[in-house]
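Accompanying notes for the structure given below.
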Amino acid sequence: MINITFPDGNVRQYEAGASAMDIAKSISHGLAKNVLAARVNGEVWDSTRPIEADSTLELLTWKDDDGKSTFWHSSAHLMAEALEALYPGTKFGIGPAIENGFYYDIDLGDRVLSTEDFKKIEDKMLELARQKNDFERREISKADAIAYFEEKGDEYKLELLEDLPDGEITFYQQGAFTDLCRGPHIPNTEKIKAIKLMKVGGAYWRGDENRKQLTRVYGITFPKQKELTEYLALLEEAKKRDHRKLGAELELFMFSERVGQGLPIWLPKGNALRERLMSFLKTEQEKRGYKTVSTPHIGRKNLYVTSGHYEKYGEDSFQPINTPREGEEFLLKPMNCPHHCEIYAHKPHSYKDLPIRLAEFGTVYRYEQSGELHGLSRVRGFTQDDAHIYCTPDQLKDEFLDVLDLTKMIMNKMGFDKVTAQISLRDPENPEKYIGSVENWEKAEQAIIDATKEVDLETITEYGEAAFYGPKLDFMVKDALGRSWQLGTIQVDYNLPERFELEYIGADNQAHRPVMIHRAPFGSLERFLSILIEHTGGKFPLWLTPEQFAILPISDRFNDYAVEVERALTKHDITGVIDSRSEKIGRKIRDTEVKKIPFMLIIGEKEAEAKTVSVRRQGEGDIGSMTIEEFAAHFKSLL
RNA sequence: GCCAGCAUAGCUCAGUUGGCCAGAGCAGCUGAUUUGUAAUCAGCGGGUCGGGGGUUCGAAUCCCUCUGCUGGCUCCA
């Protein structure tokens, strides 16, 4: 007998060799029906795999992330089975589960797969799922595995096998399809009830752009049809909120082929949003001792050679601008930090001056590959809410904590209540990607790790995600549709101060090197606004929205009173527009609703006489009549 | 940058296998209407069919090329 420990601490005895599924059945059949996989001693296993020794056991269902990903991984195999049945000779790369569903990279030879083929593949998958085939795990020797794929002629699997040690190779089979796979899998294909293929695209074999491009087919599956329907509805909603669509509809920003790819142009309303964001952040930063600076959009090439940016990005960047005579070279500013370092360096500093916090809404230009550009989220010219803090090593932690505090405060104000962070450290396998001494890196990484421990912040750690000059703390938020986005960042940097030979005179009358913190809570205004647009669906927070009200006169006769109302509200710092067209009130309301202006102030005979406004809230309807002062008070109560 | 797809009026889209002056709705303009909580009526203007080249008696439609956009890959200081 073996002892099985459950997550609640209960221990029960089972016969050696019992599987998680057997154990689930002993508890309840309802539970067993829902089991997709099991976590045995912390490792995800097939629910049907025999457990031979004392273990901890957690049964995984659709509610668990690992249950879902097992389900989707098995669905990838099911899709592969369908593809092999429909297109014999198909070769298979890899087919993992991803955040939403799964994909499989396949080589179809000369055949081009398009979305029109999806229906056929989905139908085949459903047909195969209904055959109720078990996923069978089998350990196999390397030689036998190689023989199998040589026979099949699948060079991709053979290449994968090269890296696998003999004795750790497993095959999984369901129905007619056998795949090299570590597993685990769900017990049986019958659990897959709803199937939707999503997209098809190219993907380099093993992510290497010099190697063959395979066809990647994305899909998603669910145990219930209803869940698929809900998922598709969510995608529909996301499409409606797409910032590119809303940006055009609400006249926030535009792009122009003539101006150039990836160069956003802000229209008056979008610019109002930007201005309001900037002034909000400026006020917060002033409270925290930041000083604002302005630096040029270009700088001599040598500046970036000094900073190390040129060496790292020079080739893949906008190329230097040359002056007519002197042969001087200037670069478009890709970062603000070198300029700020020069500001620091322009005069000697005492330890008593530190920390020095230099802030700038700095517009920078980076050459992004054309295929990467995407609305406002990935552009070639953008404005960072940048600041650099120069401090002594002793001050580092407090400064870092203050930046953390500021960032969290800002995110909450923006309506993102779930903020998490990623600690981005060096890739231990590629030290040559980074500049600066190992010692400085260790100090910087430790500073971030220590500081985040002191605050209430959920973090994950990723290796290889650091910037080339220092480790980062990257902030992530979840939007209204549950999607995660990466926003701003805080970076600790010992390297640039060294490269720019920055110093301060300490209490010991000796020169010391300051530490530098790079930080941008929003990251860039462009990217942040793209996320905010989708998060709010264009219904921005009142304090941020470009047009806070629209005055809608019932007829031309009340246009004068409309102006009176507008003036009164301007005195309260509430701004909006008047719709003085000779249209019926229904029309004016409809047009204002579509523009998502939060308040409609309808005025006619009654209101003009009583000096009131009839207030309608966007998306909600009439909320009654009130005086202008009452409305202003109501408005302010909502800020 | 690579692979695949797309590009018709300000916007959303029609335009059959190449064949009369390229269409609709919304938006715009003009006029009428002076209106009470999600679209008043009528009239008018607007397109070198993304740019260039080619095939053809004839191209929005077929071919080449450039530009831009979309999805995916790679990249992201």
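Each chain in the structure tokens gets a letter, A, B, ..., in the order shown, and its residues are numbered from 1; ligands are numbered from 1 in order too.
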Taking only C-alpha atoms (C1' of nucleotides) into account, what are the residues of chain A at most 8 Å from chain B, put as JSON, numbers by chain? {"A": [199, 200, 201, 202, 203, 204, 207, 208, 209, 213, 216, 257, 261, 309, 313, 334, 335, 368, 369, 370, 371, 467, 468, 554, 555, 556, 557, 582, 583, 584, 585, 586, 587, 589, 590, 591, 593, 604, 616, 621, 622]}
Enumerate the residues of stretch 383-557 of chain A with a DSSP assignment of strand (DSSP E or B), computed from the backbone, and present them as a PyMOL selection string. chain A and resi 383-391+419-425+458-463+467+470+472-478+484-493+504-505+511-512+515-520+524+549-553
Can you list every residue in stretch 293-409 of chain A that DSSP puts in helix (DSSP H, G or I), as a count of residues only? 44
Which neighbours of stretch 535-552 of chain A fall inside 8 Å, counting only C-alpha atoms (C1' of nucleotides), when residues of the same chain fewer than 2 positions from it are skipped, and could you give them as a ChimeraX atom specification? /A:240-241,246,250,269-270,272-273,276-277,414,479-481,531-533,554,562,566,574-580,585,588-589,592,596-603,638-639
Excluding same-chain residues fewer than 2 positions from stretch 52-65 of chain A, what lies within 10 Å of it counting only C-alpha atoms (C1' of nucleotides), as a count of residues only? 49
Do you know which residues are at most 12 Å from B:G31 counting only C-alpha atoms (C1' of nucleotides), after dropping those on the same chain fewer than 3 positions away, and could you put them as a PyMOL selection string? chain B and resi 41-44
